[in-house]
>>> print(open('upload-v6.cif').read())   # mmCIF, C-alpha atoms, pLDDT in the B column; chains and numbers go by the auth columns
data_final
loop_
_atom_site.group_PDB
_atom_site.id
_atom_site.type_symbol
_atom_site.label_atom_id
_atom_site.label_comp_id
_atom_site.label_asym_id
_atom_site.label_seq_id
_atom_site.Cartn_x
_atom_site.Cartn_y
_atom_site.Cartn_z
_atom_site.B_iso_or_equiv
_atom_site.auth_seq_id
_atom_site.auth_asym_id
ATOM 1 C CA MET A 1 -6.070 13.647 -2.436 48.00 1302 A
ATOM 2 C CA LYS A 2 -3.870 12.850 0.530 54.00 1303 A
ATOM 3 C CA THR A 3 -6.922 12.619 2.767 53.00 1304 A
ATOM 4 C CA ALA A 4 -8.311 9.959 0.420 56.00 1305 A
ATOM 5 C CA PHE A 5 -5.048 8.025 0.795 57.00 1306 A
ATOM 6 C CA LEU A 6 -5.168 8.313 4.571 58.00 1307 A
ATOM 7 C CA ILE A 7 -8.747 7.154 4.759 56.00 1308 A
ATOM 8 C CA SER A 8 -7.870 4.215 2.507 57.00 1309 A
ATOM 9 C CA ALA A 9 -4.720 3.410 4.451 59.00 1310 A
ATOM 10 C CA LEU A 10 -6.577 3.435 7.745 57.00 1311 A
ATOM 11 C CA THR A 11 -8.784 0.683 6.387 53.00 1312 A
ATOM 12 C CA LEU A 12 -5.749 -1.590 6.674 52.00 1313 A
ATOM 13 C CA PHE A 13 -5.540 -0.879 10.381 50.00 1314 A
ATOM 14 C CA ALA A 14 -9.278 -1.356 10.900 46.00 1315 A
ATOM 15 C CA ALA A 15 -9.101 -4.691 9.094 42.00 1316 A
ATOM 16 C CA ALA A 16 -6.196 -5.903 11.201 42.00 1317 A
ATOM 17 C CA PRO A 17 -6.954 -4.704 14.735 43.00 1318 A
ATOM 18 C CA ALA A 18 -4.517 -7.125 16.361 39.00 1319 A
ATOM 19 C CA VAL A 19 -1.670 -5.448 14.498 42.00 1320 A
ATOM 20 C CA ALA A 20 -2.881 -1.959 15.298 42.00 1321 A
ATOM 21 C CA GLN A 21 -3.458 -2.676 18.976 45.00 1322 A
ATOM 22 C CA THR A 22 0.006 -3.965 19.746 48.00 1323 A
ATOM 23 C CA ASP A 23 3.042 -1.851 20.492 50.00 1324 A
ATOM 24 C CA ASP A 24 4.695 -3.148 17.358 57.00 1325 A
ATOM 25 C CA THR A 25 7.445 -0.897 16.080 65.00 1326 A
ATOM 26 C CA ALA A 26 8.477 -3.241 13.247 75.00 1327 A
ATOM 27 C CA ALA A 27 8.208 -1.439 9.916 81.00 1328 A
ATOM 28 C CA ARG A 28 5.505 -2.517 7.504 85.00 1329 A
ATOM 29 C CA ARG A 29 4.963 -1.633 3.852 85.00 1330 A
ATOM 30 C CA PHE A 30 1.993 -1.545 1.515 81.00 1331 A
ATOM 31 C CA GLU A 31 1.239 -0.386 -2.008 81.00 1332 A
ATOM 32 C CA HIS A 32 -1.784 1.732 -2.888 76.00 1333 A
ATOM 33 C CA GLY A 33 -2.434 3.769 -6.000 78.00 1334 A
ATOM 34 C CA GLY A 34 0.994 2.975 -7.397 83.00 1335 A
ATOM 35 C CA ASN A 35 2.824 4.367 -4.356 84.00 1336 A
ATOM 36 C CA ILE A 36 4.617 2.378 -1.683 87.00 1337 A
ATOM 37 C CA TYR A 37 4.235 3.416 1.936 88.00 1338 A
ATOM 38 C CA SER A 38 6.185 2.173 4.930 90.00 1339 A
ATOM 39 C CA TYR A 39 4.920 2.740 8.461 90.00 1340 A
ATOM 40 C CA THR A 40 5.015 1.700 12.100 91.00 1341 A
ATOM 41 C CA VAL A 41 2.155 1.587 14.595 90.00 1342 A
ATOM 42 C CA THR A 42 2.594 2.218 18.305 92.00 1343 A
ATOM 43 C CA GLN A 43 0.088 2.435 21.128 91.00 1344 A
ATOM 44 C CA THR A 44 0.390 5.640 23.178 88.00 1345 A
ATOM 45 C CA GLY A 45 -2.104 5.742 26.015 89.00 1346 A
ATOM 46 C CA ASP A 46 -5.532 5.425 24.436 89.00 1347 A
ATOM 47 C CA HIS A 47 -4.326 6.419 20.942 90.00 1348 A
ATOM 48 C CA ARG A 48 -2.587 4.578 18.137 91.00 1349 A
ATOM 49 C CA VAL A 49 0.191 6.530 16.448 93.00 1350 A
ATOM 50 C CA ILE A 50 0.973 5.688 12.838 91.00 1351 A
ATOM 51 C CA ASP A 51 4.311 7.038 11.594 94.00 1352 A
ATOM 52 C CA GLY A 52 5.276 6.502 7.994 93.00 1353 A
ATOM 53 C CA ILE A 53 6.657 7.753 4.730 93.00 1354 A
ATOM 54 C CA ASP A 54 5.690 7.735 1.060 91.00 1355 A
ATOM 55 C CA GLU A 55 8.765 6.021 -0.356 91.00 1356 A
ATOM 56 C CA ARG A 56 8.531 7.760 -3.746 90.00 1357 A
ATOM 57 C CA THR A 57 8.114 11.366 -2.600 91.00 1358 A
ATOM 58 C CA ARG A 58 9.775 10.891 0.826 93.00 1359 A
ATOM 59 C CA LYS A 59 6.856 12.781 2.419 93.00 1360 A
ATOM 60 C CA PRO A 60 6.381 11.665 6.005 94.00 1361 A
ATOM 61 C CA PHE A 61 3.005 11.170 7.644 93.00 1362 A
ATOM 62 C CA ARG A 62 2.076 10.912 11.300 95.00 1363 A
ATOM 63 C CA LEU A 63 -1.455 10.057 12.361 92.00 1364 A
ATOM 64 C CA ARG A 64 -2.915 9.924 15.842 93.00 1365 A
ATOM 65 C CA VAL A 65 -5.950 7.637 15.800 91.00 1366 A
ATOM 66 C CA GLY A 66 -8.353 8.149 18.690 91.00 1367 A
ATOM 67 C CA GLU A 67 -11.766 6.689 19.440 89.00 1368 A
ATOM 68 C CA ARG A 68 -13.578 9.078 17.105 91.00 1369 A
ATOM 69 C CA ARG A 69 -11.052 11.217 15.211 92.00 1370 A
ATOM 70 C CA VAL A 70 -7.837 10.972 13.255 91.00 1371 A
ATOM 71 C CA ARG A 71 -5.463 13.911 13.449 93.00 1372 A
ATOM 72 C CA GLY A 72 -1.989 14.381 12.106 93.00 1373 A
ATOM 73 C CA THR A 73 0.185 15.571 9.269 93.00 1374 A
ATOM 74 C CA VAL A 74 1.057 14.440 5.765 90.00 1375 A
ATOM 75 C CA GLY A 75 4.186 16.223 4.683 90.00 1376 A
ATOM 76 C CA THR A 76 3.469 19.743 5.944 92.00 1377 A
ATOM 77 C CA GLN A 77 -0.318 19.504 5.545 92.00 1378 A
ATOM 78 C CA GLU A 78 -2.448 18.994 8.639 94.00 1379 A
ATOM 79 C CA VAL A 79 -5.291 16.474 8.448 91.00 1380 A
ATOM 80 C CA ASP A 80 -8.252 15.984 10.758 93.00 1381 A
ATOM 81 C CA PHE A 81 -11.224 13.736 10.006 90.00 1382 A
ATOM 82 C CA ALA A 82 -13.757 11.533 11.726 91.00 1383 A
ATOM 83 C CA LEU A 83 -12.880 7.874 12.101 86.00 1384 A
ATOM 84 C CA ARG A 84 -16.407 7.030 10.883 86.00 1385 A
ATOM 85 C CA ASP A 85 -15.360 8.457 7.469 86.00 1386 A
ATOM 86 C CA VAL A 86 -12.937 5.571 6.965 78.00 1387 A
ATOM 87 C CA LYS A 87 -14.430 3.367 4.268 73.00 1388 A
ATOM 88 C CA PRO A 88 -13.203 0.000 2.949 66.00 1389 A
ATOM 89 C CA LEU A 89 -10.894 0.055 -0.052 60.00 1390 A
ATOM 90 C CA THR A 90 -12.608 -0.733 -3.336 65.00 1391 A
ATOM 91 C CA THR A 91 -9.560 -2.769 -4.325 63.00 1392 A
ATOM 92 C CA PRO A 92 -7.342 -4.492 -1.768 61.00 1393 A
ATOM 93 C CA ALA A 93 -3.982 -2.928 -0.992 58.00 1394 A
ATOM 94 C CA THR A 94 -0.964 -5.127 -1.507 59.00 1395 A
ATOM 95 C CA ILE A 95 0.962 -5.843 1.687 60.00 1396 A
ATOM 96 C CA LEU A 96 4.605 -5.858 0.689 61.00 1397 A
ATOM 97 C CA ALA A 97 6.180 -6.861 3.971 59.00 1398 A
ATOM 98 C CA ALA A 98 4.985 -7.616 7.458 54.00 1399 A
ATOM 99 C CA ARG A 99 7.105 -9.072 10.206 52.00 1400 A
#
>>> encode(input="upload-v6.cif", output="structure tokens")
Amino acid sequence: MKTAFLISALTLFAAAPAVAQTDDTAARRFEHGGNIYSYTVTQTGDHRVIDGIDERTRKPFRLRVGERRVRGTVGTQEVDFALRDVKPLTTPATILAAR
């Protein structure tokens, strides 16, 4: 279930590459599936690092997005999947705040 969220959430970053490519540490928020997530995106070498938290459960997530793979953790669970598995959301996520 969390992997489905991560794949859906990564669609936001694929759709807005200018945001994901910058070293922008300003917090952003979005709603998906009734949950609100806040996150930051930073560029580290040739990887993007997405740090965030599920505001309801307080579970943190940290994703390292490379050219072909996404690796990281959601809460205490490790995730690892191919970037090609990221599919567009069937319904658009609601951006709650972006500075």
>>> resolve_selection(input="upload-v6.cif", expression="the PyMOL selection byres ((chain A and resi 1370) around 12)", output="PyMOL selection string")
chain A and resi 1308+1311+1348-1349+1364-1369+1371-1373+1380-1387
>>> write_last_selection(input="upload-v6.cif", atoms="C-alpha atoms", output="PDB file, in the frame of the given file")
ATOM      1  CA  ILE A1308      -8.747   7.154   4.759  1.00 56.00           C
ATOM      2  CA  LEU A1311      -6.577   3.435   7.745  1.00 57.00           C
ATOM      3  CA  HIS A1348      -4.326   6.419  20.942  1.00 90.00           C
ATOM      4  CA  ARG A1349      -2.587   4.578  18.137  1.00 91.00           C
ATOM      5  CA  LEU A1364      -1.455  10.057  12.361  1.00 92.00           C
ATOM      6  CA  ARG A1365      -2.915   9.924  15.842  1.00 93.00           C
ATOM      7  CA  VAL A1366      -5.950   7.637  15.800  1.00 91.00           C
ATOM      8  CA  GLY A1367      -8.353   8.149  18.690  1.00 91.00           C
ATOM      9  CA  GLU A1368     -11.766   6.689  19.440  1.00 89.00           C
ATOM     10  CA  ARG A1369     -13.578   9.078  17.105  1.00 91.00           C
ATOM     11  CA  VAL A1371      -7.837  10.972  13.255  1.00 91.00           C
ATOM     12  CA  ARG A1372      -5.463  13.911  13.449  1.00 93.00           C
ATOM     13  CA  GLY A1373      -1.989  14.381  12.106  1.00 93.00           C
ATOM     14  CA  VAL A1380      -5.291  16.474   8.448  1.00 91.00           C
ATOM     15  CA  ASP A1381      -8.252  15.984  10.758  1.00 93.00           C
ATOM     16  CA  PHE A1382     -11.224  13.736  10.006  1.00 90.00           C
ATOM     17  CA  ALA A1383     -13.757  11.533  11.726  1.00 91.00           C
ATOM     18  CA  LEU A1384     -12.880   7.874  12.101  1.00 86.00           C
ATOM     19  CA  ARG A1385     -16.407   7.030  10.883  1.00 86.00           C
ATOM     20  CA  ASP A1386     -15.360   8.457   7.469  1.00 86.00           C
ATOM     21  CA  VAL A1387     -12.937   5.571   6.965  1.00 78.00           C
TER      22      VAL A1387
END
>>> axis_aligned_box(input="upload-v6.cif", around="segment 1327-1331 of chain A", padding_each_side="4 Å", output="lines of an AutoDock Vina configuration file")
center_x = 5.2
center_y = -2.3
center_z = 7.4
size_x = 14.5
size_y = 9.8
size_z = 19.7
>>> atom_distance(input="upload-v6.cif", atom1="atom CA of Glu1356 of chain A", atom2="atom CA of Ile1337 of chain A")
5.7 Å
>>> closest_residue(input="upload-v6.cif", among="A:Glu1379, A:Phe1331, A:Thr1374, A:Asn1336", to="Asp1352 of chain A", atoms="only C-alpha atoms")
A:Thr1374
>>> atom_distance(input="upload-v6.cif", atom1="atom CA of Gly1376 of chain A", atom2="atom CA of Lys1360 of chain A")
4.9 Å
>>> residues_around(input="upload-v6.cif", residues="Thr1341 of chain A", least_positions_apart="6", cutoff="7 Å", atoms="all atoms listed in the file", output="PDB file with C-alpha atoms, in the coordinates of the input")
ATOM      1  CA  THR A1326       7.445  -0.897  16.080  1.00 65.00           C
ATOM      2  CA  ALA A1327       8.477  -3.241  13.247  1.00 75.00           C
ATOM      3  CA  ALA A1328       8.208  -1.439   9.916  1.00 81.00           C
ATOM      4  CA  ARG A1329       5.505  -2.517   7.504  1.00 85.00           C
ATOM      5  CA  ILE A1351       0.973   5.688  12.838  1.00 91.00           C
ATOM      6  CA  ASP A1352       4.311   7.038  11.594  1.00 94.00           C
ATOM      7  CA  GLY A1353       5.276   6.502   7.994  1.00 93.00           C
TER       8      GLY A1353
END
>>> atom_distance(input="upload-v6.cif", atom1="atom CA of Gln1378 of chain A", atom2="atom CA of Glu1332 of chain A")
21.3 Å
>>> decode(input="upload-v6.cif", residues="segment 1354-1367 of chain A", atoms="all heavy atoms", output="mmCIF file, in the first residue's frame")
data_model
loop_
_atom_site.group_PDB
_atom_site.id
_atom_site.type_symbol
_atom_site.label_atom_id
_atom_site.label_comp_id
_atom_site.auth_asym_id
_atom_site.auth_seq_id
_atom_site.Cartn_x
_atom_site.Cartn_y
_atom_site.Cartn_z
ATOM 1 N N ILE A 1354 6.851 13.541 5.519
ATOM 2 C CA ILE A 1354 6.125 12.915 6.615
ATOM 3 C C ILE A 1354 4.642 12.852 6.273
ATOM 4 O O ILE A 1354 4.102 13.745 5.627
ATOM 5 C CB ILE A 1354 6.363 13.687 7.935
ATOM 6 C CG1 ILE A 1354 5.846 12.885 9.125
ATOM 7 C CG2 ILE A 1354 5.753 15.077 7.891
ATOM 8 C CD1 ILE A 1354 6.385 13.368 10.444
ATOM 9 N N ASP A 1355 4.011 11.754 6.673
ATOM 10 C CA ASP A 1355 2.553 11.634 6.603
ATOM 11 C C ASP A 1355 2.040 12.362 7.839
ATOM 12 O O ASP A 1355 2.330 11.960 8.969
ATOM 13 C CB ASP A 1355 2.165 10.146 6.629
ATOM 14 C CG ASP A 1355 0.662 9.916 6.633
ATOM 15 O OD1 ASP A 1355 -0.099 10.795 7.093
ATOM 16 O OD2 ASP A 1355 0.247 8.831 6.195
ATOM 17 N N GLU A 1356 1.339 13.453 7.645
ATOM 18 C CA GLU A 1356 0.957 14.303 8.778
ATOM 19 C C GLU A 1356 -0.025 13.628 9.734
ATOM 20 O O GLU A 1356 -0.066 13.975 10.908
ATOM 21 C CB GLU A 1356 0.407 15.630 8.276
ATOM 22 C CG GLU A 1356 1.483 16.460 7.602
ATOM 23 C CD GLU A 1356 1.017 17.838 7.208
ATOM 24 O OE1 GLU A 1356 -0.148 18.206 7.474
ATOM 25 O OE2 GLU A 1356 1.838 18.576 6.618
ATOM 26 N N ARG A 1357 -0.800 12.663 9.264
ATOM 27 C CA ARG A 1357 -1.753 11.986 10.140
ATOM 28 C C ARG A 1357 -1.059 10.957 11.026
ATOM 29 O O ARG A 1357 -1.247 10.937 12.239
ATOM 30 C CB ARG A 1357 -2.854 11.316 9.317
ATOM 31 C CG ARG A 1357 -3.947 10.678 10.181
ATOM 32 C CD ARG A 1357 -5.043 10.046 9.337
ATOM 33 N NE ARG A 1357 -4.552 9.052 8.407
ATOM 34 C CZ ARG A 1357 -4.273 7.782 8.715
ATOM 35 N NH1 ARG A 1357 -4.425 7.355 9.944
ATOM 36 N NH2 ARG A 1357 -3.852 6.945 7.793
ATOM 37 N N THR A 1358 -0.253 10.092 10.425
ATOM 38 C CA THR A 1358 0.391 9.016 11.179
ATOM 39 C C THR A 1358 1.750 9.406 11.732
ATOM 40 O O THR A 1358 2.303 8.690 12.560
ATOM 41 C CB THR A 1358 0.578 7.767 10.298
ATOM 42 O OG1 THR A 1358 1.479 8.084 9.229
ATOM 43 C CG2 THR A 1358 -0.750 7.266 9.754
ATOM 44 N N ARG A 1359 2.310 10.526 11.242
ATOM 45 C CA ARG A 1359 3.643 11.006 11.614
ATOM 46 C C ARG A 1359 4.743 10.069 11.131
ATOM 47 O O ARG A 1359 5.874 10.147 11.591
ATOM 48 C CB ARG A 1359 3.780 11.238 13.134
ATOM 49 C CG ARG A 1359 2.717 12.137 13.752
ATOM 50 C CD ARG A 1359 2.580 13.478 13.120
ATOM 51 N NE ARG A 1359 3.782 14.298 13.240
ATOM 52 C CZ ARG A 1359 3.967 15.417 12.587
ATOM 53 N NH1 ARG A 1359 3.060 15.854 11.746
ATOM 54 N NH2 ARG A 1359 5.060 16.105 12.731
ATOM 55 N N LYS A 1360 4.449 9.175 10.183
ATOM 56 C CA LYS A 1360 5.472 8.307 9.615
ATOM 57 C C LYS A 1360 6.318 9.095 8.628
ATOM 58 O O LYS A 1360 5.796 9.675 7.690
ATOM 59 C CB LYS A 1360 4.847 7.120 8.882
ATOM 60 C CG LYS A 1360 4.387 6.030 9.771
ATOM 61 C CD LYS A 1360 3.971 4.830 8.949
ATOM 62 C CE LYS A 1360 3.502 3.726 9.842
ATOM 63 N NZ LYS A 1360 3.069 2.564 9.082
ATOM 64 N N PRO A 1361 7.626 9.082 8.822
ATOM 65 C CA PRO A 1361 8.496 9.790 7.886
ATOM 66 C C PRO A 1361 8.767 8.937 6.646
ATOM 67 O O PRO A 1361 8.642 7.705 6.687
ATOM 68 C CB PRO A 1361 9.781 9.983 8.690
ATOM 69 C CG PRO A 1361 9.800 8.815 9.624
ATOM 70 C CD PRO A 1361 8.355 8.528 9.952
ATOM 71 N N PHE A 1362 9.118 9.584 5.555
ATOM 72 C CA PHE A 1362 9.607 8.863 4.387
ATOM 73 C C PHE A 1362 10.799 9.616 3.822
ATOM 74 O O PHE A 1362 10.915 10.833 3.950
ATOM 75 C CB PHE A 1362 8.520 8.639 3.327
ATOM 76 C CG PHE A 1362 7.880 9.886 2.780
ATOM 77 C CD1 PHE A 1362 8.395 10.525 1.658
ATOM 78 C CD2 PHE A 1362 6.745 10.414 3.371
ATOM 79 C CE1 PHE A 1362 7.788 11.669 1.142
ATOM 80 C CE2 PHE A 1362 6.128 11.547 2.864
ATOM 81 C CZ PHE A 1362 6.654 12.175 1.750
ATOM 82 N N ARG A 1363 11.719 8.857 3.272
ATOM 83 C CA ARG A 1363 12.917 9.416 2.645
ATOM 84 C C ARG A 1363 13.188 8.594 1.402
ATOM 85 O O ARG A 1363 13.370 7.381 1.482
ATOM 86 C CB ARG A 1363 14.104 9.361 3.590
ATOM 87 C CG ARG A 1363 15.374 9.943 2.984
ATOM 88 C CD ARG A 1363 16.510 9.904 4.004
ATOM 89 N NE ARG A 1363 17.717 10.464 3.455
ATOM 90 C CZ ARG A 1363 18.125 11.711 3.608
ATOM 91 N NH1 ARG A 1363 17.390 12.543 4.307
ATOM 92 N NH2 ARG A 1363 19.252 12.121 3.067
ATOM 93 N N LEU A 1364 13.169 9.257 0.259
ATOM 94 C CA LEU A 1364 13.357 8.585 -1.020
ATOM 95 C C LEU A 1364 14.553 9.168 -1.738
ATOM 96 O O LEU A 1364 14.716 10.379 -1.795
ATOM 97 C CB LEU A 1364 12.113 8.757 -1.893
ATOM 98 C CG LEU A 1364 10.801 8.280 -1.292
ATOM 99 C CD1 LEU A 1364 9.657 8.675 -2.195
ATOM 100 C CD2 LEU A 1364 10.835 6.798 -1.066
ATOM 101 N N ARG A 1365 15.348 8.316 -2.305
ATOM 102 C CA ARG A 1365 16.493 8.727 -3.121
ATOM 103 C C ARG A 1365 16.165 8.329 -4.549
ATOM 104 O O ARG A 1365 16.079 7.146 -4.874
ATOM 105 C CB ARG A 1365 17.746 8.032 -2.623
ATOM 106 C CG ARG A 1365 18.983 8.501 -3.293
ATOM 107 C CD ARG A 1365 20.192 7.896 -2.607
ATOM 108 N NE ARG A 1365 21.316 8.013 -3.508
ATOM 109 C CZ ARG A 1365 22.260 7.117 -3.631
ATOM 110 N NH1 ARG A 1365 22.220 6.029 -2.918
ATOM 111 N NH2 ARG A 1365 23.236 7.312 -4.469
ATOM 112 N N VAL A 1366 15.936 9.327 -5.393
ATOM 113 C CA VAL A 1366 15.495 9.099 -6.770
ATOM 114 C C VAL A 1366 16.704 9.222 -7.684
ATOM 115 O O VAL A 1366 17.292 10.291 -7.824
ATOM 116 C CB VAL A 1366 14.411 10.126 -7.181
ATOM 117 C CG1 VAL A 1366 13.919 9.839 -8.590
ATOM 118 C CG2 VAL A 1366 13.269 10.116 -6.178
ATOM 119 N N GLY A 1367 17.068 8.116 -8.311
ATOM 120 C CA GLY A 1367 18.183 8.097 -9.251
ATOM 121 C C GLY A 1367 17.661 8.101 -10.685
ATOM 122 O O GLY A 1367 16.488 8.363 -10.943
#
